[in-house]
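> Sharing work.cif below, mmCIF, C-alpha atoms and all ligand atoms:
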```cif
data_query
#
loop_
_atom_site.label_atom_id
_atom_site.label_comp_id
_atom_site.auth_asym_id
_atom_site.auth_seq_id
_atom_site.Cartn_x
_atom_site.Cartn_y
_atom_site.Cartn_z
CA MET A 1 115.07 -4.40 -123.28
CA LYS A 2 113.44 -7.26 -121.42
CA ASN A 3 114.63 -7.82 -117.89
CA GLU A 4 115.32 -11.60 -117.73
CA ASN A 5 114.92 -11.79 -113.98
CA LEU A 6 111.66 -9.81 -113.77
CA SER A 7 108.13 -11.21 -113.88
CA VAL A 8 104.87 -9.32 -113.81
CA VAL A 9 101.85 -10.77 -112.09
CA VAL A 10 98.56 -9.20 -113.06
CA GLY A 11 96.14 -9.42 -110.13
CA ALA A 12 96.76 -9.80 -106.39
CA GLY A 13 94.01 -12.36 -105.75
CA LEU A 14 94.64 -15.99 -104.88
CA ALA A 15 95.92 -16.97 -108.33
CA GLY A 16 98.32 -14.05 -108.66
CA SER A 17 99.56 -14.05 -105.07
CA ALA A 18 100.33 -17.79 -105.06
CA ALA A 19 102.18 -17.46 -108.39
CA ALA A 20 104.11 -14.41 -107.15
CA ARG A 21 105.22 -16.29 -104.06
CA VAL A 22 106.49 -19.34 -105.98
CA LEU A 23 108.40 -17.15 -108.45
CA ALA A 24 109.84 -14.94 -105.70
CA GLU A 25 111.06 -17.94 -103.73
CA SER A 26 112.94 -19.18 -106.79
CA GLY A 27 114.87 -15.89 -106.90
CA ILE A 28 112.84 -14.04 -109.54
CA ARG A 29 111.85 -10.42 -108.96
CA VAL A 30 108.09 -9.97 -109.19
CA VAL A 31 105.97 -6.87 -109.67
CA VAL A 32 102.31 -7.50 -108.83
CA ILE A 33 99.89 -5.11 -110.54
CA GLU A 34 96.44 -4.86 -108.96
CA LYS A 35 93.51 -2.84 -110.34
CA LEU A 36 91.68 -2.72 -106.99
CA SER A 37 92.91 -0.62 -104.06
CA HIS A 38 93.62 -3.71 -101.94
CA VAL A 39 95.16 -7.18 -102.21
CA ALA A 40 93.29 -10.51 -101.90
CA GLY A 41 91.01 -9.97 -104.91
CA HIS A 42 87.49 -11.22 -104.36
CA CYS A 43 88.38 -13.10 -101.18
CA HIS A 44 89.14 -9.78 -99.47
CA ASP A 45 87.75 -9.49 -95.95
CA MET A 46 87.94 -7.06 -93.03
CA LYS A 47 86.71 -6.64 -89.48
CA ASN A 48 83.75 -4.27 -89.27
CA GLU A 49 82.81 -1.98 -86.37
CA GLU A 50 81.11 -4.90 -84.59
CA GLY A 51 84.41 -6.83 -84.57
CA ILE A 52 83.00 -9.30 -87.09
CA THR A 53 85.12 -10.38 -90.08
CA VAL A 54 83.00 -9.72 -93.17
CA HIS A 55 83.81 -10.94 -96.68
CA THR A 56 83.74 -7.86 -98.91
CA TYR A 57 82.73 -9.73 -102.10
CA GLY A 58 80.53 -12.42 -100.55
CA PRO A 59 81.19 -15.57 -98.50
CA HIS A 60 84.33 -17.64 -99.13
CA ILE A 61 84.77 -21.02 -97.45
CA PHE A 62 88.06 -22.81 -97.93
CA HIS A 63 87.91 -26.56 -98.56
CA THR A 64 90.26 -28.96 -100.29
CA ASN A 65 91.34 -32.56 -100.62
CA ASN A 66 94.69 -31.42 -101.98
CA ARG A 67 97.36 -31.77 -99.29
CA GLU A 68 99.92 -29.66 -101.13
CA VAL A 69 97.43 -26.78 -101.37
CA TRP A 70 96.46 -27.15 -97.71
CA GLN A 71 100.12 -27.10 -96.66
CA PHE A 72 100.75 -24.07 -98.85
CA VAL A 73 97.93 -21.95 -97.36
CA ASN A 74 98.88 -23.04 -93.85
CA ARG A 75 102.28 -21.41 -94.32
CA PHE A 76 100.50 -18.05 -94.38
CA ALA A 77 97.54 -18.52 -92.04
CA ASP A 78 96.22 -20.45 -89.06
CA PHE A 79 92.82 -21.89 -89.82
CA ASN A 80 89.66 -22.10 -87.76
CA TYR A 81 88.47 -25.64 -88.50
CA TYR A 82 85.01 -24.53 -89.55
CA GLN A 83 82.72 -26.97 -91.42
CA HIS A 84 80.17 -25.22 -93.61
CA ARG A 85 76.47 -26.01 -93.10
CA VAL A 86 73.65 -24.64 -95.20
CA LEU A 87 69.89 -24.66 -94.74
CA SER A 88 67.49 -24.08 -97.59
CA TYR A 89 64.35 -22.07 -96.89
CA ALA A 90 61.66 -24.01 -98.76
CA ASP A 91 57.96 -24.50 -98.06
CA GLY A 92 58.33 -21.99 -95.20
CA ARG A 93 60.89 -24.10 -93.34
CA MET A 94 64.65 -24.24 -93.04
CA ILE A 95 65.66 -27.62 -94.45
CA PRO A 96 69.14 -29.25 -94.43
CA PHE A 97 70.88 -28.84 -97.80
CA PRO A 98 72.50 -30.42 -99.86
CA ILE A 99 69.96 -33.22 -100.10
CA ASN A 100 70.62 -35.98 -97.56
CA ARG A 101 68.59 -38.38 -95.42
CA ASP A 102 67.43 -35.57 -93.10
CA THR A 103 66.26 -33.51 -96.09
CA ILE A 104 64.01 -36.37 -97.24
CA ALA A 105 62.71 -36.77 -93.68
CA GLU A 106 61.91 -33.04 -93.45
CA VAL A 107 60.35 -32.63 -96.92
CA PHE A 108 58.35 -35.88 -97.17
CA GLY A 109 57.94 -36.76 -93.48
CA LEU A 110 59.66 -40.11 -94.12
CA THR A 111 62.12 -41.71 -91.74
CA LEU A 112 64.24 -43.88 -94.00
CA SER A 113 67.42 -45.92 -93.67
CA THR A 114 70.33 -45.16 -95.97
CA ASN A 115 69.30 -48.01 -98.28
CA GLU A 116 65.71 -46.82 -98.31
CA VAL A 117 66.86 -43.32 -99.27
CA ARG A 118 68.66 -44.83 -102.25
CA THR A 119 65.47 -46.65 -103.31
CA PHE A 120 63.33 -43.57 -102.67
CA LEU A 121 65.55 -41.38 -104.86
CA SER A 122 65.67 -43.94 -107.67
CA GLU A 123 61.88 -44.09 -107.63
CA GLU A 124 61.74 -40.28 -107.77
CA VAL A 125 64.12 -40.35 -110.74
CA ALA A 126 62.21 -43.18 -112.44
CA ARG A 127 59.00 -41.16 -112.60
CA SER A 128 60.73 -38.02 -113.94
CA GLN A 129 61.39 -36.82 -117.47
CA PHE A 130 64.97 -35.95 -118.45
CA SER A 131 67.68 -36.75 -120.99
CA ASN A 132 70.25 -39.35 -120.12
CA PRO A 133 73.17 -38.73 -120.39
CA PRO A 134 72.35 -35.26 -119.02
CA ARG A 135 72.52 -32.48 -121.58
CA ASN A 136 72.04 -29.56 -119.19
CA PHE A 137 71.80 -28.50 -115.52
CA ARG A 138 68.18 -29.64 -115.15
CA ASP A 139 68.90 -33.11 -116.56
CA ALA A 140 71.94 -33.46 -114.30
CA VAL A 141 69.96 -32.70 -111.13
CA VAL A 142 66.76 -34.56 -112.08
CA SER A 143 68.81 -37.66 -112.99
CA GLN A 144 69.98 -37.78 -109.35
CA VAL A 145 66.98 -36.66 -107.29
CA GLY A 146 63.95 -36.50 -109.58
CA GLU A 147 61.68 -33.63 -110.56
CA ARG A 148 60.05 -32.96 -107.18
CA LEU A 149 63.27 -32.18 -105.32
CA TYR A 150 64.64 -30.37 -108.37
CA GLU A 151 61.62 -28.06 -108.39
CA LEU A 152 61.81 -27.41 -104.65
CA PHE A 153 65.52 -26.70 -104.22
CA PHE A 154 67.21 -26.12 -107.59
CA LYS A 155 64.98 -24.74 -110.32
CA ASN A 156 64.20 -21.27 -108.99
CA TYR A 157 67.55 -20.75 -107.26
CA THR A 158 69.25 -21.42 -110.57
CA ILE A 159 66.93 -19.07 -112.48
CA LYS A 160 67.62 -16.33 -109.89
CA GLN A 161 71.38 -16.89 -109.90
CA TRP A 162 71.97 -17.21 -113.64
CA GLU A 163 68.89 -15.41 -115.01
CA ARG A 164 68.33 -18.12 -117.59
CA ASP A 165 66.55 -21.40 -118.11
CA PRO A 166 68.45 -24.20 -116.27
CA GLU A 167 68.14 -26.18 -119.52
CA LEU A 168 70.55 -23.69 -121.11
CA LEU A 169 73.25 -24.21 -118.48
CA SER A 170 76.00 -26.82 -118.40
CA PRO A 171 75.38 -30.07 -116.46
CA GLU A 172 78.80 -29.45 -114.91
CA ILE A 173 77.35 -26.86 -112.50
CA ALA A 174 75.35 -29.64 -110.83
CA ARG A 175 78.59 -31.39 -109.88
CA ARG A 176 79.17 -28.68 -107.28
CA ILE A 177 76.20 -29.92 -105.22
CA PRO A 178 76.39 -33.49 -103.90
CA VAL A 179 73.43 -35.77 -103.09
CA ARG A 180 73.87 -37.98 -100.02
CA GLU A 181 72.02 -40.99 -98.72
CA ASN A 182 73.51 -40.68 -95.23
CA ARG A 183 72.98 -37.93 -92.65
CA ASP A 184 76.10 -35.89 -93.42
CA SER A 185 74.66 -32.40 -93.80
CA ARG A 186 77.93 -30.54 -94.41
CA TYR A 187 78.09 -28.49 -97.61
CA PHE A 188 81.55 -29.89 -98.36
CA THR A 189 83.12 -33.19 -97.35
CA ASP A 190 86.72 -32.33 -98.23
CA LYS A 191 89.39 -33.58 -95.87
CA TYR A 192 90.70 -30.09 -95.11
CA GLN A 193 88.28 -27.23 -94.40
CA GLY A 194 88.45 -23.94 -92.59
CA ILE A 195 88.57 -20.16 -92.55
CA PRO A 196 91.85 -18.26 -91.96
CA SER A 197 91.68 -17.11 -88.33
CA GLU A 198 92.94 -13.62 -89.15
CA GLY A 199 91.11 -13.47 -92.47
CA TYR A 200 91.93 -14.05 -96.14
CA THR A 201 93.37 -10.57 -96.59
CA ARG A 202 95.99 -11.19 -93.90
CA MET A 203 96.80 -14.58 -95.48
CA ILE A 204 97.39 -12.96 -98.87
CA GLU A 205 99.41 -10.11 -97.33
CA ARG A 206 101.72 -12.72 -95.81
CA MET A 207 101.96 -14.57 -99.14
CA LEU A 208 103.04 -11.34 -100.83
CA ASP A 209 105.42 -10.37 -98.04
CA HIS A 210 108.73 -11.36 -99.65
CA PRO A 211 111.81 -9.26 -100.49
CA ASN A 212 111.46 -10.15 -104.19
CA ILE A 213 107.82 -9.00 -104.43
CA GLU A 214 106.65 -5.44 -105.09
CA VAL A 215 102.88 -4.73 -105.14
CA ARG A 216 101.35 -1.80 -107.06
CA LEU A 217 97.71 -1.22 -106.14
CA SER A 218 95.05 0.80 -108.00
CA THR A 219 96.89 0.22 -111.26
CA ASP A 220 95.44 -1.06 -114.52
CA TYR A 221 97.95 -3.41 -116.15
CA PHE A 222 96.80 -2.41 -119.63
CA ASP A 223 97.80 1.21 -118.95
CA ILE A 224 101.39 0.32 -118.15
CA VAL A 225 102.06 -2.95 -119.95
CA GLU A 226 104.62 -1.36 -122.33
CA GLU A 227 106.79 0.19 -119.64
CA LEU A 228 107.23 -2.91 -117.48
CA GLY A 229 109.85 -4.73 -119.57
CA ALA A 230 109.28 -8.07 -117.86
CA SER A 231 110.33 -11.28 -119.56
CA MET A 232 107.33 -13.20 -118.23
CA THR A 233 103.76 -12.33 -117.23
CA VAL A 234 101.25 -14.20 -115.10
CA TYR A 235 97.83 -12.92 -116.13
CA THR A 236 94.83 -13.48 -113.84
CA GLY A 237 92.42 -10.87 -115.27
CA PRO A 238 89.47 -11.48 -117.62
CA LEU A 239 90.36 -13.73 -120.57
CA ASP A 240 88.47 -11.75 -123.23
CA ARG A 241 90.04 -8.43 -122.23
CA TYR A 242 93.58 -9.78 -122.69
CA PHE A 243 92.85 -10.55 -126.33
CA GLY A 244 91.01 -7.28 -127.01
CA TYR A 245 87.64 -9.10 -127.18
CA GLU A 246 88.81 -10.72 -130.45
CA TYR A 247 86.09 -13.39 -130.40
CA GLY A 248 83.50 -11.24 -128.63
CA GLU A 249 82.78 -10.55 -124.97
CA LEU A 250 82.49 -13.40 -122.51
CA GLU A 251 79.64 -13.16 -120.04
CA TYR A 252 80.25 -12.80 -116.31
CA ARG A 253 77.72 -12.62 -113.47
CA SER A 254 77.97 -10.31 -110.54
CA LEU A 255 76.22 -9.79 -107.22
CA GLU A 256 74.70 -6.87 -105.39
CA LEU A 257 75.74 -7.50 -101.79
CA GLU A 258 73.60 -5.90 -99.13
CA PHE A 259 75.33 -5.91 -95.74
CA ARG A 260 73.01 -5.42 -92.78
CA THR A 261 73.70 -5.33 -89.06
CA PHE A 262 70.94 -6.38 -86.66
CA ASP A 263 70.66 -5.56 -82.99
CA GLN A 264 70.49 -9.19 -81.94
CA GLU A 265 73.15 -11.79 -81.22
CA PHE A 266 72.26 -14.20 -84.03
CA TYR A 267 70.19 -13.80 -87.20
CA GLN A 268 69.98 -17.46 -88.32
CA PRO A 269 71.07 -20.88 -87.00
CA VAL A 270 73.85 -21.51 -89.56
CA ALA A 271 76.24 -19.38 -91.62
CA THR A 272 74.25 -19.61 -94.85
CA VAL A 273 70.56 -19.97 -95.62
CA ASN A 274 69.62 -20.42 -99.30
CA TYR A 275 66.34 -19.00 -100.62
CA PRO A 276 65.46 -20.93 -103.78
CA ASN A 277 61.83 -19.86 -104.11
CA ASP A 278 61.12 -16.83 -101.91
CA TYR A 279 62.41 -13.23 -102.13
CA ASP A 280 64.86 -11.83 -104.69
CA TRP A 281 68.04 -12.77 -102.90
CA THR A 282 69.63 -16.20 -103.40
CA ARG A 283 71.13 -16.54 -99.94
CA ILE A 284 71.87 -14.83 -96.65
CA THR A 285 75.20 -15.36 -94.90
CA GLU A 286 75.85 -14.50 -91.26
CA PHE A 287 79.58 -13.98 -90.90
CA LYS A 288 80.15 -14.52 -87.17
CA HIS A 289 79.62 -18.30 -87.59
CA PHE A 290 82.81 -18.64 -89.64
CA LEU A 291 85.25 -17.69 -86.88
CA GLY A 292 83.00 -18.07 -83.85
CA GLU A 293 83.27 -14.33 -83.24
CA MET A 294 81.32 -13.06 -80.22
CA SER A 295 79.34 -9.83 -80.38
CA LYS A 296 76.00 -8.49 -79.19
CA ARG A 297 75.01 -7.50 -82.72
CA THR A 298 75.35 -9.49 -85.93
CA THR A 299 76.19 -8.71 -89.55
CA VAL A 300 74.70 -10.56 -92.48
CA CYS A 301 74.94 -10.29 -96.25
CA PHE A 302 72.06 -10.67 -98.72
CA GLU A 303 73.14 -11.70 -102.25
CA TYR A 304 71.21 -10.36 -105.24
CA PRO A 305 72.53 -11.73 -108.54
CA LYS A 306 73.00 -9.26 -111.42
CA SER A 307 74.54 -9.16 -114.86
CA SER A 308 76.84 -6.13 -114.54
CA GLY A 309 79.48 -5.13 -112.01
CA GLU A 310 82.56 -6.89 -110.62
CA PRO A 311 82.91 -10.20 -112.53
CA TYR A 312 82.39 -12.96 -109.93
CA TYR A 313 81.07 -15.91 -111.91
CA ILE A 314 81.63 -17.24 -115.38
CA VAL A 315 78.43 -18.30 -117.17
CA MET A 316 78.50 -21.93 -118.28
CA SER A 317 76.25 -21.78 -121.33
CA ASP A 318 77.07 -23.20 -124.78
CA ASP A 319 77.73 -19.82 -126.40
CA ASN A 320 80.18 -18.70 -123.70
CA LEU A 321 81.94 -22.06 -123.59
CA GLU A 322 82.33 -22.05 -127.38
CA LYS A 323 83.91 -18.59 -127.23
CA ARG A 324 86.13 -19.77 -124.40
CA GLU A 325 87.46 -22.59 -126.59
CA LYS A 326 88.58 -20.05 -129.20
CA TYR A 327 90.32 -17.86 -126.62
CA MET A 328 91.97 -20.91 -125.03
CA LYS A 329 93.63 -21.73 -128.38
CA ASN A 330 95.29 -18.31 -128.19
CA VAL A 331 96.24 -19.05 -124.58
CA ALA A 332 97.85 -22.38 -125.50
CA GLU A 333 99.93 -20.69 -128.22
CA LEU A 334 101.10 -17.92 -125.88
CA GLU A 335 101.84 -20.25 -122.97
CA ALA A 336 103.95 -22.41 -125.31
CA THR A 337 106.30 -19.43 -125.79
CA GLY A 338 106.97 -19.42 -122.03
CA LYS A 339 106.21 -15.69 -121.87
CA VAL A 340 102.69 -15.68 -120.42
CA LEU A 341 100.71 -17.89 -118.05
CA PHE A 342 96.93 -17.59 -117.66
CA ILE A 343 95.70 -18.61 -114.22
CA GLY A 344 92.43 -18.43 -112.30
CA ARG A 345 88.67 -18.03 -112.61
CA LEU A 346 88.78 -14.98 -114.84
CA ALA A 347 91.85 -15.77 -116.94
CA GLU A 348 90.88 -19.38 -117.69
CA TYR A 349 87.13 -18.66 -117.66
CA LYS A 350 86.55 -21.60 -115.29
CA TYR A 351 84.20 -22.02 -112.33
CA TYR A 352 87.10 -22.76 -109.97
CA ASN A 353 86.97 -23.04 -106.19
CA MET A 354 89.69 -21.32 -104.18
CA ASP A 355 91.77 -24.47 -103.74
CA GLN A 356 91.61 -25.28 -107.45
CA VAL A 357 92.93 -21.80 -108.23
CA ILE A 358 95.88 -22.31 -105.90
CA ALA A 359 96.57 -25.82 -107.24
CA GLU A 360 96.58 -24.45 -110.78
CA SER A 361 98.80 -21.54 -109.80
CA LEU A 362 101.36 -23.74 -108.02
CA SER A 363 101.52 -26.27 -110.83
CA LYS A 364 101.71 -23.78 -113.72
CA THR A 365 104.45 -21.68 -112.12
CA GLN A 366 106.42 -24.72 -110.98
CA GLN A 367 106.24 -26.22 -114.49
CA TRP A 368 107.35 -22.92 -115.98
CA LEU A 369 110.33 -22.76 -113.61
CA GLN A 370 111.36 -26.30 -114.52
CA ALA A 371 111.19 -25.57 -118.25
CA LYS A 372 113.16 -22.32 -117.86
N1 LIG B 401 72.09 -24.40 -106.51
C1 LIG B 401 70.71 -24.53 -106.41
N2 LIG B 401 70.13 -24.46 -105.17
C2 LIG B 401 70.86 -24.24 -104.05
C3 LIG B 401 72.25 -24.10 -104.16
C4 LIG B 401 72.84 -24.18 -105.41
O1 LIG B 401 70.04 -24.69 -107.41
O2 LIG B 401 70.27 -24.18 -102.95
C5 LIG B 401 72.70 -24.45 -107.87
C6 LIG B 401 72.69 -23.06 -108.50
O3 LIG B 401 72.58 -23.19 -109.90
C7 LIG B 401 74.06 -22.55 -108.10
C8 LIG B 401 74.90 -23.81 -108.27
O4 LIG B 401 74.04 -24.85 -107.81
O5 LIG B 401 74.47 -21.49 -108.90
C9 LIG B 401 76.20 -23.81 -107.51
O6 LIG B 401 75.96 -23.58 -106.14
P1 LIG B 401 77.12 -23.13 -105.14
O7 LIG B 401 76.56 -23.13 -103.77
O8 LIG B 401 78.33 -23.94 -105.41
O9 LIG B 401 77.34 -21.64 -105.64
P2 LIG B 401 78.49 -20.58 -105.30
O10 LIG B 401 78.85 -20.79 -103.87
O11 LIG B 401 79.58 -20.83 -106.28
O12 LIG B 401 77.77 -19.29 -105.53
#
```
Please express what this file holds, its structure, as structure tokens.
Ligand code: UDP


Amino acid sequence: MKNENLSVVVGAGLAGSAAARVLAESGIRVVVIEKLSHVAGHCHDMKNEEGITVHTYGPHIFHTNNREVWQFVNRFADFNYYQHRVLSYADGRMIPFPINRDTIAEVFGLTLSTNEVRTFLSEEVARSQFSNPPRNFRDAVVSQVGERLYELFFKNYTIKQWERDPELLSPEIARRIPVRENRDSRYFTDKYQGIPSEGYTRMIERMLDHPNIEVRLSTDYFDIVEELGASMTVYTGPLDRYFGYEYGELEYRSLELEFRTFDQEFYQPVATVNYPNDYDWTRITEFKHFLGEMSKRTTVCFEYPKSSGEPYYIVMSDDNLEKREKYMKNVAELEATGKVLFIGRLAEYKYYNMDQVIAESLSKTQQWLQAK
């Protein structure tokens, strides 16, 4: 017997928790099943012994232009209005990144006006080889900044991160990194940006704190799916697993995160320094910058990309995206029945940011409620 007023949400990360909250507030009983031993999924964080809030699965910076999403997260957290800044360690120097007027000044020793930067970049592009329209990640970057800046900041970082030739990756990845002619050196320019003052975990705990929501941790949904008897499921786990790998396994990338505490107040001038060309790590993040936490010592995280482990990233290559298309046909059929919704990075196999996951979760559950 299906219980008409019971929904199951698979996964207590951002996608699942936002969906659970919307359903619970409309009077539906929700059981949230989480494989990990904690809520908040990959945006889990906790204070360490230094009193510094560290992000268990690597740095997460919240940014959005979506007012509805911003208002939603602000119901469950106060935000520290942090603006993310990144330096890239290239040619033995820490250089502002993404590419802006100050980057050009630092790399080429040229002091240019905004208009001159535009001309400079178009000249760089004009003497470079690439396909237009861009067919891959390399083309997409070179078509904006030319080969020299591509080689310095993008080529080797991308090879380290994805362990493949940038020409075999989707041009879409390049859309994550802007190119600016002005001096704005922020990583993101979204209207709303910040880090939850008491952490992401606390924010998610508050989202899940509702009389209609029950959370079961350390539980694999696939072990108990039969006994739940729910009339509707929100699935946020890996897409291929749901369908028993029918069209083959999708590829995910993971990270080895090395947390280190140093006996000094600061390790680096900004929260994140990228290392495109040197060392085996892609970037180092120093957590105390996010919340302005004060301590004599400091904790940082080195990220080493790897192919196995917790699935963090989808891999945007042709073969994976072709497989995704097949799985998404199954998804469309199932979602049309009103019995299952697929939401989030893993379940939709999409390189979503946190705000996009929440936007998707709010809109899919709200649409489902309206159709009900
Ligand atoms: N990227 C790069 N150099 C950098 C930063 C990023 O080539 O210094 C490329 C790289 O392919 C990376 C992608 O842009 O995987 C997206 O970068 P982002 O910082 O958005 O990665 P995330 O924070 O999602 O790991």

> Find the residues near Asn5 of chain A: any atom within 8 Å, counting all atoms listed in the file, skip ones fewer than 4 places away on the same chain, and give them as a ChimeraX atom specification.

/A:28-29,230-231

> With distances taken over only C-alpha atoms, which of A:Trp368, A:Tyr312, A:Tyr242, A:Tyr352 is nearest to Val10 of chain A?

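Using only C-alpha atoms, the shortest distance to Val10 of chain A belongs to A:Tyr242.
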
> Report as a list in words which protein, DNA and RNA residues come within 6 Å of ligand LIG 401 (chain B), using all atoms listed in the file.

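The neighbouring residues of ligand LIG 401 (chain B) are, in order, Phe153, Phe154, Lys155, Tyr157, Thr158, Gln161, Ile173, Ala174, Arg176, Asn274 and Pro276 of chain A.
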
> Show which residues sit within 12 Å of Glu325 of chain A, as a list of chain:residue names. Count only C-alpha atoms, and ignore same-chain residues fewer than 2 positions away.

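The residues satisfying every condition are A:Leu239, A:Asp240, A:Tyr247, A:Leu250, A:Asp318, A:Asp319, A:Asn320, A:Leu321, A:Glu322, A:Lys323, A:Tyr327, A:Met328, A:Lys329, A:Asn330, A:Val331, A:Ala332, A:Glu348, A:Tyr349, A:Lys350.
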
> Go through A:Ser317, A:Thr272, A:Asn182, A:Thr285 and flag the residue nearest Phe137 of chain A, using all atoms listed in the file for the distances.

A:Ser317
